[in-house]
Each structure stands twice: as C-alpha cells, then as structure tokens.
file target-v2.tsv (TSV, C-alpha atoms)
chain	number	residue	atom	x	y	z
A	1	MET	CA	60.60	67.89	123.26
A	2	ALA	CA	58.64	67.89	120.00
A	3	ASP	CA	55.45	65.98	119.24
A	4	GLY	CA	53.84	66.14	122.67
A	5	GLY	CA	56.79	64.59	124.49
A	6	ARG	CA	57.02	61.50	122.29
A	7	ARG	CA	59.70	62.47	119.79
A	8	ALA	CA	63.15	64.03	119.97
A	9	THR	CA	65.64	64.48	117.16
A	10	VAL	CA	69.41	64.58	117.18
A	11	ALA	CA	69.34	67.78	115.11
A	12	ASP	CA	66.98	69.61	117.50
A	13	LEU	CA	68.96	68.64	120.58
A	14	LEU	CA	72.34	69.44	118.98
A	15	GLY	CA	70.89	72.89	118.27
A	16	ARG	CA	70.64	73.43	122.05
A	17	LEU	CA	74.35	72.70	122.61
A	18	PRO	CA	76.50	73.84	124.16
A	19	ARG	CA	74.31	74.88	127.07
A	20	PRO	CA	74.89	78.17	128.95
A	21	ASN	CA	77.62	76.74	131.22
A	22	GLY	CA	79.27	74.83	128.37
A	23	GLU	CA	77.57	71.50	129.11
A	24	ARG	CA	77.52	69.16	126.13
A	25	PHE	CA	74.27	67.29	126.90
A	26	ALA	CA	70.58	68.07	126.48
A	27	VAL	CA	67.67	66.26	128.13
A	28	ALA	CA	65.28	64.79	125.57
A	29	PHE	CA	62.78	63.00	127.81
A	30	GLU	CA	62.09	62.11	131.46
A	31	ARG	CA	59.51	59.76	132.90
A	32	GLY	CA	59.72	57.90	136.21
A	33	SER	CA	63.25	56.54	136.57
A	34	LEU	CA	63.95	56.98	132.84
A	35	THR	CA	65.97	59.93	131.55
A	36	VAL	CA	67.09	60.18	127.92
A	37	GLU	CA	69.73	62.71	126.92
A	38	LEU	CA	71.81	63.53	123.90
A	39	TYR	CA	75.53	63.82	124.69
A	40	ALA	CA	78.03	65.38	122.31
A	41	PRO	CA	81.41	65.90	123.98
A	42	ARG	CA	83.96	67.92	122.08
A	43	GLY	CA	87.70	67.47	122.64
A	44	SER	CA	87.53	65.54	125.90
A	45	ASP	CA	84.99	63.66	127.98
A	46	PRO	CA	84.95	65.06	131.54
A	47	GLN	CA	82.10	62.95	132.90
A	48	LYS	CA	82.21	61.36	136.33
A	49	PRO	CA	80.53	58.11	137.48
A	50	HIS	CA	76.75	58.33	137.62
A	51	ASP	CA	74.49	56.97	140.34
A	52	ARG	CA	72.19	55.07	137.94
A	53	ASP	CA	72.75	52.44	135.27
A	54	GLU	CA	73.41	53.95	131.87
A	55	VAL	CA	73.16	52.85	128.24
A	56	TYR	CA	74.70	54.72	125.30
A	57	VAL	CA	73.57	54.39	121.69
A	58	VAL	CA	76.19	55.79	119.32
A	59	MET	CA	74.61	57.90	116.57
A	60	HIS	CA	77.71	59.52	115.06
A	61	GLY	CA	81.45	59.17	115.57
A	62	SER	CA	83.87	56.54	116.71
A	63	GLY	CA	86.58	56.07	119.31
A	64	GLU	CA	87.23	54.07	122.44
A	65	PHE	CA	84.88	53.55	125.39
A	66	VAL	CA	86.56	52.91	128.72
A	67	CYS	CA	84.51	51.36	131.52
A	68	ARG	CA	86.35	50.29	134.63
A	69	ASP	CA	89.32	48.24	133.36
A	70	ASP	CA	87.75	47.46	129.97
A	71	ARG	CA	88.35	49.34	126.72
A	72	PHE	CA	86.21	48.90	123.58
A	73	ASP	CA	86.35	50.40	120.10
A	74	PHE	CA	82.95	51.79	119.10
A	75	GLY	CA	81.20	53.27	116.09
A	76	PRO	CA	77.76	54.31	114.84
A	77	GLY	CA	74.98	51.94	115.86
A	78	ASP	CA	76.87	50.46	118.81
A	79	LEU	CA	75.26	50.04	122.23
A	80	LEU	CA	77.45	50.58	125.33
A	81	PHE	CA	76.64	49.99	129.00
A	82	ALA	CA	78.04	51.54	132.18
A	83	PRO	CA	76.73	50.27	135.52
A	84	ALA	CA	75.94	52.75	138.26
A	85	GLY	CA	79.08	54.02	139.98
A	86	ALA	CA	81.52	52.75	137.33
A	87	VAL	CA	84.29	55.06	136.17
A	88	HIS	CA	83.75	55.42	132.41
A	89	ARG	CA	84.52	57.82	129.57
A	90	PHE	CA	85.01	58.20	125.84
A	91	GLU	CA	88.61	58.51	124.62
A	92	ASN	CA	90.29	59.08	121.26
A	93	PHE	CA	86.94	59.95	119.72
A	94	THR	CA	86.11	61.78	116.53
A	95	GLY	CA	84.90	65.38	116.63
A	96	ASP	CA	81.36	64.43	115.64
A	97	LEU	CA	80.72	62.02	118.54
A	98	THR	CA	77.01	62.10	119.35
A	99	VAL	CA	75.32	59.52	121.58
A	100	TRP	CA	71.91	58.95	123.10
A	101	VAL	CA	72.30	58.40	126.84
A	102	ILE	CA	69.64	56.41	128.67
A	103	PHE	CA	69.67	56.53	132.48
A	104	TYR	CA	67.28	54.16	134.21
A	105	GLY	CA	66.48	52.32	137.41
A	106	PRO	CA	67.13	53.18	141.03
A	107	ARG	CA	70.09	55.12	142.37
A	108	GLY	CA	72.90	52.62	142.92
A	109	GLY	CA	71.85	50.55	139.89
A	110	GLU	CA	69.54	47.63	139.41
A	111	LEU	CA	72.13	45.04	140.47
A	112	PRO	CA	74.66	46.10	143.10
A	113	GLY	CA	78.23	45.90	141.84
A	114	GLY	CA	76.92	45.52	138.22

call {"tool": "encode", "arguments": {"input": "target-v2.tsv", "output": "structure tokens"}}
result
Amino acid sequence: MADGGRRATVADLLGRLPRPNGERFAVAFERGSLTVELYAPRGSDPQKPHDRDEVYVVMHGSGEFVCRDDRFDFGPGDLLFAPAGAVHRFENFTGDLTVWVIFYGPRGGELPGG
C-alpha cells in the first residue's frame, strides 16, 4: 500500500490483477478486524459466502447484485451489503466492474442471521 499504509488507489491495485492463481482481488489494507480489498471479476463472479460482514462500494461498472433472495441493479457510487454467511454474487455485469470490498467485524457477523 502506498503512502505509509494510508492510501490505496484503484489503478495501483488493478495493476496487480490478476494474481498468480488468477484471483481477481487485491488486498489494499488490513487492521484489526478490517480488511479492504479491490475486487474486479471478469466474465463471472465465482465467490462463495464469507464468514464476516461485507460492504461493497462500486467504483466502475454496472449489473445486478444478488444477495440471498434479493436482486438489485447497481452502478458506480452504489453501496451494497452482504451479511456474513449470505450467498451473494454479481451477475450480468459490465466488463469493467471494479468494487472496493470492506470486510469487518467478527467471524459470523456482527448480528447473527443479519
């Protein structure tokens, strides 16, 4: 991370993708229970449920966000939430989809069943 661990840019992190095993995310920052990543899936979104609460901030692209039984259209500037353990994914998204991912709180989420 640039600037002594206090600044990360989309451009710098995109430059690290894909990672050696084809992963489409790069860690920007970690501190305590907080992890911030940049995620840029291409073609499909293979992610599985995570064990912590998760917030996405859409930087580029648009599509549909599916979380449990809900489906939302999204675009740049939108904020999306997936509680710990929830099945979620991006679908029908544009090729430039780039999102900040913010994981936080304890494993299992801050509120059970969120």

call {"tool": "residues_around", "arguments": {"input": "target-v2.tsv", "residues": "A:Val66", "least_positions_apart": "5", "cutoff": "6 Å", "atoms": "only C-alpha atoms", "output": "JSON, numbers by chain"}}
result
{"A": [71, 88, 89]}

call {"tool": "residues_around", "arguments": {"input": "target-v2.tsv", "residues": "A:Phe65", "least_positions_apart": "2", "cutoff": "12 Å", "atoms": "all atoms listed in the file", "output": "JSON, numbers by chain"}}
result
{"A": [45, 56, 57, 58, 61, 62, 63, 67, 68, 69, 70, 71, 72, 73, 74, 75, 78, 79, 80, 81, 82, 87, 88, 89, 90, 91, 92, 93, 97, 99]}

call {"tool": "write_last_selection", "arguments": {"input": "target-v2.tsv", "atoms": "C-alpha atoms", "output": "PDB file, keeping the file's coordinate frame"}}
result
ATOM      1  CA  ASP A  45      84.990  63.660 127.980  1.00  0.00           C
ATOM      2  CA  TYR A  56      74.700  54.720 125.300  1.00  0.00           C
ATOM      3  CA  VAL A  57      73.570  54.390 121.690  1.00  0.00           C
ATOM      4  CA  VAL A  58      76.190  55.790 119.320  1.00  0.00           C
ATOM      5  CA  GLY A  61      81.450  59.170 115.570  1.00  0.00           C
ATOM      6  CA  SER A  62      83.870  56.540 116.710  1.00  0.00           C
ATOM      7  CA  GLY A  63      86.580  56.070 119.310  1.00  0.00           C
ATOM      8  CA  CYS A  67      84.510  51.360 131.520  1.00  0.00           C
ATOM      9  CA  ARG A  68      86.350  50.290 134.630  1.00  0.00           C
ATOM     10  CA  ASP A  69      89.320  48.240 133.360  1.00  0.00           C
ATOM     11  CA  ASP A  70      87.750  47.460 129.970  1.00  0.00           C
ATOM     12  CA  ARG A  71      88.350  49.340 126.720  1.00  0.00           C
ATOM     13  CA  PHE A  72      86.210  48.900 123.580  1.00  0.00           C
ATOM     14  CA  ASP A  73      86.350  50.400 120.100  1.00  0.00           C
ATOM     15  CA  PHE A  74      82.950  51.790 119.100  1.00  0.00           C
ATOM     16  CA  GLY A  75      81.200  53.270 116.090  1.00  0.00           C
ATOM     17  CA  ASP A  78      76.870  50.460 118.810  1.00  0.00           C
ATOM     18  CA  LEU A  79      75.260  50.040 122.230  1.00  0.00           C
ATOM     19  CA  LEU A  80      77.450  50.580 125.330  1.00  0.00           C
ATOM     20  CA  PHE A  81      76.640  49.990 129.000  1.00  0.00           C
ATOM     21  CA  ALA A  82      78.040  51.540 132.180  1.00  0.00           C
ATOM     22  CA  VAL A  87      84.290  55.060 136.170  1.00  0.00           C
ATOM     23  CA  HIS A  88      83.750  55.420 132.410  1.00  0.00           C
ATOM     24  CA  ARG A  89      84.520  57.820 129.570  1.00  0.00           C
ATOM     25  CA  PHE A  90      85.010  58.200 125.840  1.00  0.00           C
ATOM     26  CA  GLU A  91      88.610  58.510 124.620  1.00  0.00           C
ATOM     27  CA  ASN A  92      90.290  59.080 121.260  1.00  0.00           C
ATOM     28  CA  PHE A  93      86.940  59.950 119.720  1.00  0.00           C
ATOM     29  CA  LEU A  97      80.720  62.020 118.540  1.00  0.00           C
ATOM     30  CA  VAL A  99      75.320  59.520 121.580  1.00  0.00           C
TER      31      VAL A  99
END

call {"tool": "residues_around", "arguments": {"input": "target-v2.tsv", "residues": "A:Glu30", "least_positions_apart": "6", "cutoff": "10 Å", "atoms": "all atoms listed in the file", "output": "list of chain:residue names"}}
result
A:Gly5, A:Val36, A:Glu37, A:Ile102, A:Phe103, A:Tyr104

call {"tool": "residues_around", "arguments": {"input": "target-v2.tsv", "residues": "A:Met59", "least_positions_apart": "4", "cutoff": "7 Å", "atoms": "only C-alpha atoms", "output": "list in words"}}
result
Pro76, Gly77, Thr98 and Val99 of chain A

call {"tool": "write_last_selection", "arguments": {"input": "target-v2.tsv", "atoms": "C-alpha atoms", "output": "tab-separated table (two decimals), keeping the file's coordinate frame"}}
result
chain	number	residue	atom	x	y	z
A	76	PRO	CA	77.76	54.31	114.84
A	77	GLY	CA	74.98	51.94	115.86
A	98	THR	CA	77.01	62.10	119.35
A	99	VAL	CA	75.32	59.52	121.58

call {"tool": "atom_distance", "arguments": {"input": "target-v2.tsv", "atom1": "atom CA of A:Pro20", "atom2": "atom CA of A:Gly43"}}
result
17.8 Å

call {"tool": "residues_around", "arguments": {"input": "target-v2.tsv", "residues": "A:Ser33", "least_positions_apart": "5", "cutoff": "12 Å", "atoms": "all atoms listed in the file", "output": "JSON, numbers by chain"}}
result
{"A": [51, 52, 53, 54, 102, 103, 104, 105, 106, 107, 109, 110]}

call {"tool": "write_last_selection", "arguments": {"input": "target-v2.tsv", "atoms": "C-alpha atoms", "output": "PDB file, in the coordinates of the input"}}
result
ATOM      1  CA  ASP A  51      74.490  56.970 140.340  1.00  0.00           C
ATOM      2  CA  ARG A  52      72.190  55.070 137.940  1.00  0.00           C
ATOM      3  CA  ASP A  53      72.750  52.440 135.270  1.00  0.00           C
ATOM      4  CA  GLU A  54      73.410  53.950 131.870  1.00  0.00           C
ATOM      5  CA  ILE A 102      69.640  56.410 128.670  1.00  0.00           C
ATOM      6  CA  PHE A 103      69.670  56.530 132.480  1.00  0.00           C
ATOM      7  CA  TYR A 104      67.280  54.160 134.210  1.00  0.00           C
ATOM      8  CA  GLY A 105      66.480  52.320 137.410  1.00  0.00           C
ATOM      9  CA  PRO A 106      67.130  53.180 141.030  1.00  0.00           C
ATOM     10  CA  ARG A 107      70.090  55.120 142.370  1.00  0.00           C
ATOM     11  CA  GLY A 109      71.850  50.550 139.890  1.00  0.00           C
ATOM     12  CA  GLU A 110      69.540  47.630 139.410  1.00  0.00           C
TER      13      GLU A 110
END

call {"tool": "atom_distance", "arguments": {"input": "target-v2.tsv", "atom1": "atom CA of A:Gln47", "atom2": "atom CA of A:Arg6"}}
result
27.3 Å

call {"tool": "closest_residue", "arguments": {"input": "target-v2.tsv", "among": "A:Gly15, A:Gly95, A:Gly32, A:Pro83", "to": "A:His50", "atoms": "only C-alpha atoms"}}
result
A:Pro83

call {"tool": "closest_residue", "arguments": {"input": "target-v2.tsv", "among": "A:Ala84, A:Arg16, A:Val55, A:Trp100", "to": "A:Tyr39", "atoms": "only C-alpha atoms"}}
result
A:Trp100

call {"tool": "decode", "arguments": {"input": "target-v2.tsv", "residues": "stretch 1-113 of chain A", "atoms": "C-alpha atoms", "output": "PDB file, in the first residue's frame"}}
result
ATOM      1  CA  MET A   1       0.000   0.000   0.000  1.00  0.00           C
ATOM      2  CA  ALA A   2       1.287   3.477  -0.878  1.00  0.00           C
ATOM      3  CA  ASP A   3       1.734   6.422   1.486  1.00  0.00           C
ATOM      4  CA  GLY A   4       2.743   4.517   4.611  1.00  0.00           C
ATOM      5  CA  GLY A   5      -0.333   2.291   4.640  1.00  0.00           C
ATOM      6  CA  ARG A   6      -2.862   5.119   4.491  1.00  0.00           C
ATOM      7  CA  ARG A   7      -3.653   5.323   0.787  1.00  0.00           C
ATOM      8  CA  ALA A   8      -4.520   2.833  -1.943  1.00  0.00           C
ATOM      9  CA  THR A   9      -5.597   3.576  -5.492  1.00  0.00           C
ATOM     10  CA  VAL A  10      -7.803   1.645  -7.861  1.00  0.00           C
ATOM     11  CA  ALA A  11      -5.162   1.965 -10.589  1.00  0.00           C
ATOM     12  CA  ASP A  12      -2.345   0.552  -8.425  1.00  0.00           C
ATOM     13  CA  LEU A  13      -4.405  -2.392  -7.247  1.00  0.00           C
ATOM     14  CA  LEU A  14      -5.778  -3.168 -10.727  1.00  0.00           C
ATOM     15  CA  GLY A  15      -2.144  -3.302 -11.842  1.00  0.00           C
ATOM     16  CA  ARG A  16      -1.669  -6.298  -9.509  1.00  0.00           C
ATOM     17  CA  LEU A  17      -4.516  -8.277 -11.118  1.00  0.00           C
ATOM     18  CA  PRO A  18      -4.969 -10.995 -11.974  1.00  0.00           C
ATOM     19  CA  ARG A  19      -2.891 -12.560  -9.220  1.00  0.00           C
ATOM     20  CA  PRO A  20      -0.687 -15.636  -9.864  1.00  0.00           C
ATOM     21  CA  ASN A  21      -3.544 -18.142  -9.454  1.00  0.00           C
ATOM     22  CA  GLY A  22      -5.981 -15.996 -11.439  1.00  0.00           C
ATOM     23  CA  GLU A  23      -7.611 -14.369  -8.413  1.00  0.00           C
ATOM     24  CA  ARG A  24      -9.358 -11.101  -9.231  1.00  0.00           C
ATOM     25  CA  PHE A  25      -8.880  -9.321  -5.877  1.00  0.00           C
ATOM     26  CA  ALA A  26      -6.015  -7.489  -4.203  1.00  0.00           C
ATOM     27  CA  VAL A  27      -5.725  -6.573  -0.530  1.00  0.00           C
ATOM     28  CA  ALA A  28      -5.367  -2.825  -0.013  1.00  0.00           C
ATOM     29  CA  PHE A  29      -5.335  -2.577   3.774  1.00  0.00           C
ATOM     30  CA  GLU A  30      -5.722  -4.671   6.940  1.00  0.00           C
ATOM     31  CA  ARG A  31      -6.057  -3.539  10.531  1.00  0.00           C
ATOM     32  CA  GLY A  32      -7.762  -5.426  13.360  1.00  0.00           C
ATOM     33  CA  SER A  33     -10.999  -6.900  12.021  1.00  0.00           C
ATOM     34  CA  LEU A  34     -10.964  -4.565   8.997  1.00  0.00           C
ATOM     35  CA  THR A  35      -9.811  -5.782   5.579  1.00  0.00           C
ATOM     36  CA  VAL A  36     -10.192  -3.646   2.447  1.00  0.00           C
ATOM     37  CA  GLU A  37      -9.758  -5.223  -0.971  1.00  0.00           C
ATOM     38  CA  LEU A  38     -10.287  -4.271  -4.577  1.00  0.00           C
ATOM     39  CA  TYR A  39     -12.341  -6.839  -6.499  1.00  0.00           C
ATOM     40  CA  ALA A  40     -12.557  -6.887 -10.282  1.00  0.00           C
ATOM     41  CA  PRO A  41     -14.243 -10.054 -11.549  1.00  0.00           C
ATOM     42  CA  ARG A  42     -14.142 -10.689 -15.258  1.00  0.00           C
ATOM     43  CA  GLY A  43     -16.785 -12.783 -17.019  1.00  0.00           C
ATOM     44  CA  SER A  44     -18.307 -14.415 -13.948  1.00  0.00           C
ATOM     45  CA  ASP A  45     -18.313 -13.987 -10.186  1.00  0.00           C
ATOM     46  CA  PRO A  46     -17.281 -17.269  -8.520  1.00  0.00           C
ATOM     47  CA  GLN A  47     -17.254 -16.039  -4.927  1.00  0.00           C
ATOM     48  CA  LYS A  48     -18.681 -18.080  -2.078  1.00  0.00           C
ATOM     49  CA  PRO A  49     -20.273 -16.804   1.170  1.00  0.00           C
ATOM     50  CA  HIS A  50     -17.808 -15.120   3.510  1.00  0.00           C
ATOM     51  CA  ASP A  51     -17.591 -15.536   7.267  1.00  0.00           C
ATOM     52  CA  ARG A  52     -17.633 -11.781   8.014  1.00  0.00           C
ATOM     53  CA  ASP A  53     -19.983  -8.938   7.149  1.00  0.00           C
ATOM     54  CA  GLU A  54     -19.088  -7.277   3.871  1.00  0.00           C
ATOM     55  CA  VAL A  55     -19.709  -3.918   2.202  1.00  0.00           C
ATOM     56  CA  TYR A  56     -19.071  -3.192  -1.481  1.00  0.00           C
ATOM     57  CA  VAL A  57     -18.546   0.279  -2.946  1.00  0.00           C
ATOM     58  CA  VAL A  58     -18.962   0.220  -6.725  1.00  0.00           C
ATOM     59  CA  MET A  59     -16.256   2.253  -8.459  1.00  0.00           C
ATOM     60  CA  HIS A  60     -16.808   1.221 -12.087  1.00  0.00           C
ATOM     61  CA  GLY A  61     -19.364  -0.883 -13.920  1.00  0.00           C
ATOM     62  CA  SER A  62     -22.963  -1.885 -13.500  1.00  0.00           C
ATOM     63  CA  GLY A  63     -25.053  -5.032 -13.304  1.00  0.00           C
ATOM     64  CA  GLU A  64     -27.128  -6.939 -10.794  1.00  0.00           C
ATOM     65  CA  PHE A  65     -26.194  -7.829  -7.213  1.00  0.00           C
ATOM     66  CA  VAL A  66     -27.820 -10.958  -5.832  1.00  0.00           C
ATOM     67  CA  CYS A  67     -27.879 -11.457  -2.063  1.00  0.00           C
ATOM     68  CA  ARG A  68     -29.941 -14.323  -0.729  1.00  0.00           C
ATOM     69  CA  ASP A  69     -33.331 -13.979  -2.457  1.00  0.00           C
ATOM     70  CA  ASP A  70     -32.905 -10.281  -3.304  1.00  0.00           C
ATOM     71  CA  ARG A  71     -31.681  -8.856  -6.606  1.00  0.00           C
ATOM     72  CA  PHE A  72     -30.640  -5.210  -7.093  1.00  0.00           C
ATOM     73  CA  ASP A  73     -29.440  -3.223 -10.089  1.00  0.00           C
ATOM     74  CA  PHE A  74     -26.237  -1.336  -9.252  1.00  0.00           C
ATOM     75  CA  GLY A  75     -23.918   1.243 -10.761  1.00  0.00           C
ATOM     76  CA  PRO A  76     -20.959   3.483  -9.896  1.00  0.00           C
ATOM     77  CA  GLY A  77     -21.187   5.045  -6.455  1.00  0.00           C
ATOM     78  CA  ASP A  78     -23.594   2.451  -5.060  1.00  0.00           C
ATOM     79  CA  LEU A  79     -23.045   0.792  -1.687  1.00  0.00           C
ATOM     80  CA  LEU A  80     -24.029  -2.890  -1.302  1.00  0.00           C
ATOM     81  CA  PHE A  81     -24.112  -5.062   1.825  1.00  0.00           C
ATOM     82  CA  ALA A  82     -23.825  -8.832   2.289  1.00  0.00           C
ATOM     83  CA  PRO A  83     -24.130 -10.221   5.821  1.00  0.00           C
ATOM     84  CA  ALA A  84     -21.761 -12.948   6.943  1.00  0.00           C
ATOM     85  CA  GLY A  85     -22.709 -16.341   5.525  1.00  0.00           C
ATOM     86  CA  ALA A  86     -25.125 -14.991   2.888  1.00  0.00           C
ATOM     87  CA  VAL A  87     -24.943 -16.423  -0.615  1.00  0.00           C
ATOM     88  CA  HIS A  88     -24.227 -13.421  -2.857  1.00  0.00           C
ATOM     89  CA  ARG A  89     -22.705 -12.591  -6.239  1.00  0.00           C
ATOM     90  CA  PHE A  90     -22.591 -10.134  -9.105  1.00  0.00           C
ATOM     91  CA  GLU A  91     -24.499 -11.106 -12.262  1.00  0.00           C
ATOM     92  CA  ASN A  92     -24.976  -9.599 -15.719  1.00  0.00           C
ATOM     93  CA  PHE A  93     -22.206  -7.106 -15.013  1.00  0.00           C
ATOM     94  CA  THR A  94     -20.156  -4.994 -17.378  1.00  0.00           C
ATOM     95  CA  GLY A  95     -16.570  -5.937 -18.190  1.00  0.00           C
ATOM     96  CA  ASP A  96     -15.145  -3.031 -16.193  1.00  0.00           C
ATOM     97  CA  LEU A  97     -16.753  -3.961 -12.847  1.00  0.00           C
ATOM     98  CA  THR A  98     -14.450  -2.772 -10.067  1.00  0.00           C
ATOM     99  CA  VAL A  99     -15.538  -2.599  -6.425  1.00  0.00           C
ATOM    100  CA  TRP A 100     -13.961  -1.841  -3.078  1.00  0.00           C
ATOM    101  CA  VAL A 101     -14.743  -4.681  -0.670  1.00  0.00           C
ATOM    102  CA  ILE A 102     -14.756  -3.950   3.050  1.00  0.00           C
ATOM    103  CA  PHE A 103     -14.784  -6.935   5.420  1.00  0.00           C
ATOM    104  CA  TYR A 104     -15.263  -6.120   9.088  1.00  0.00           C
ATOM    105  CA  GLY A 105     -16.330  -7.432  12.463  1.00  0.00           C
ATOM    106  CA  PRO A 106     -16.149 -10.875  13.992  1.00  0.00           C
ATOM    107  CA  ARG A 107     -16.448 -14.160  12.136  1.00  0.00           C
ATOM    108  CA  GLY A 108     -20.153 -14.960  11.878  1.00  0.00           C
ATOM    109  CA  GLY A 109     -21.068 -11.272  11.524  1.00  0.00           C
ATOM    110  CA  GLU A 110     -21.969  -8.571  13.971  1.00  0.00           C
ATOM    111  CA  LEU A 111     -25.624  -9.610  14.205  1.00  0.00           C
ATOM    112  CA  PRO A 112     -26.398 -13.316  13.848  1.00  0.00           C
ATOM    113  CA  GLY A 113     -28.692 -14.036  10.915  1.00  0.00           C
TER     114      GLY A 113
END
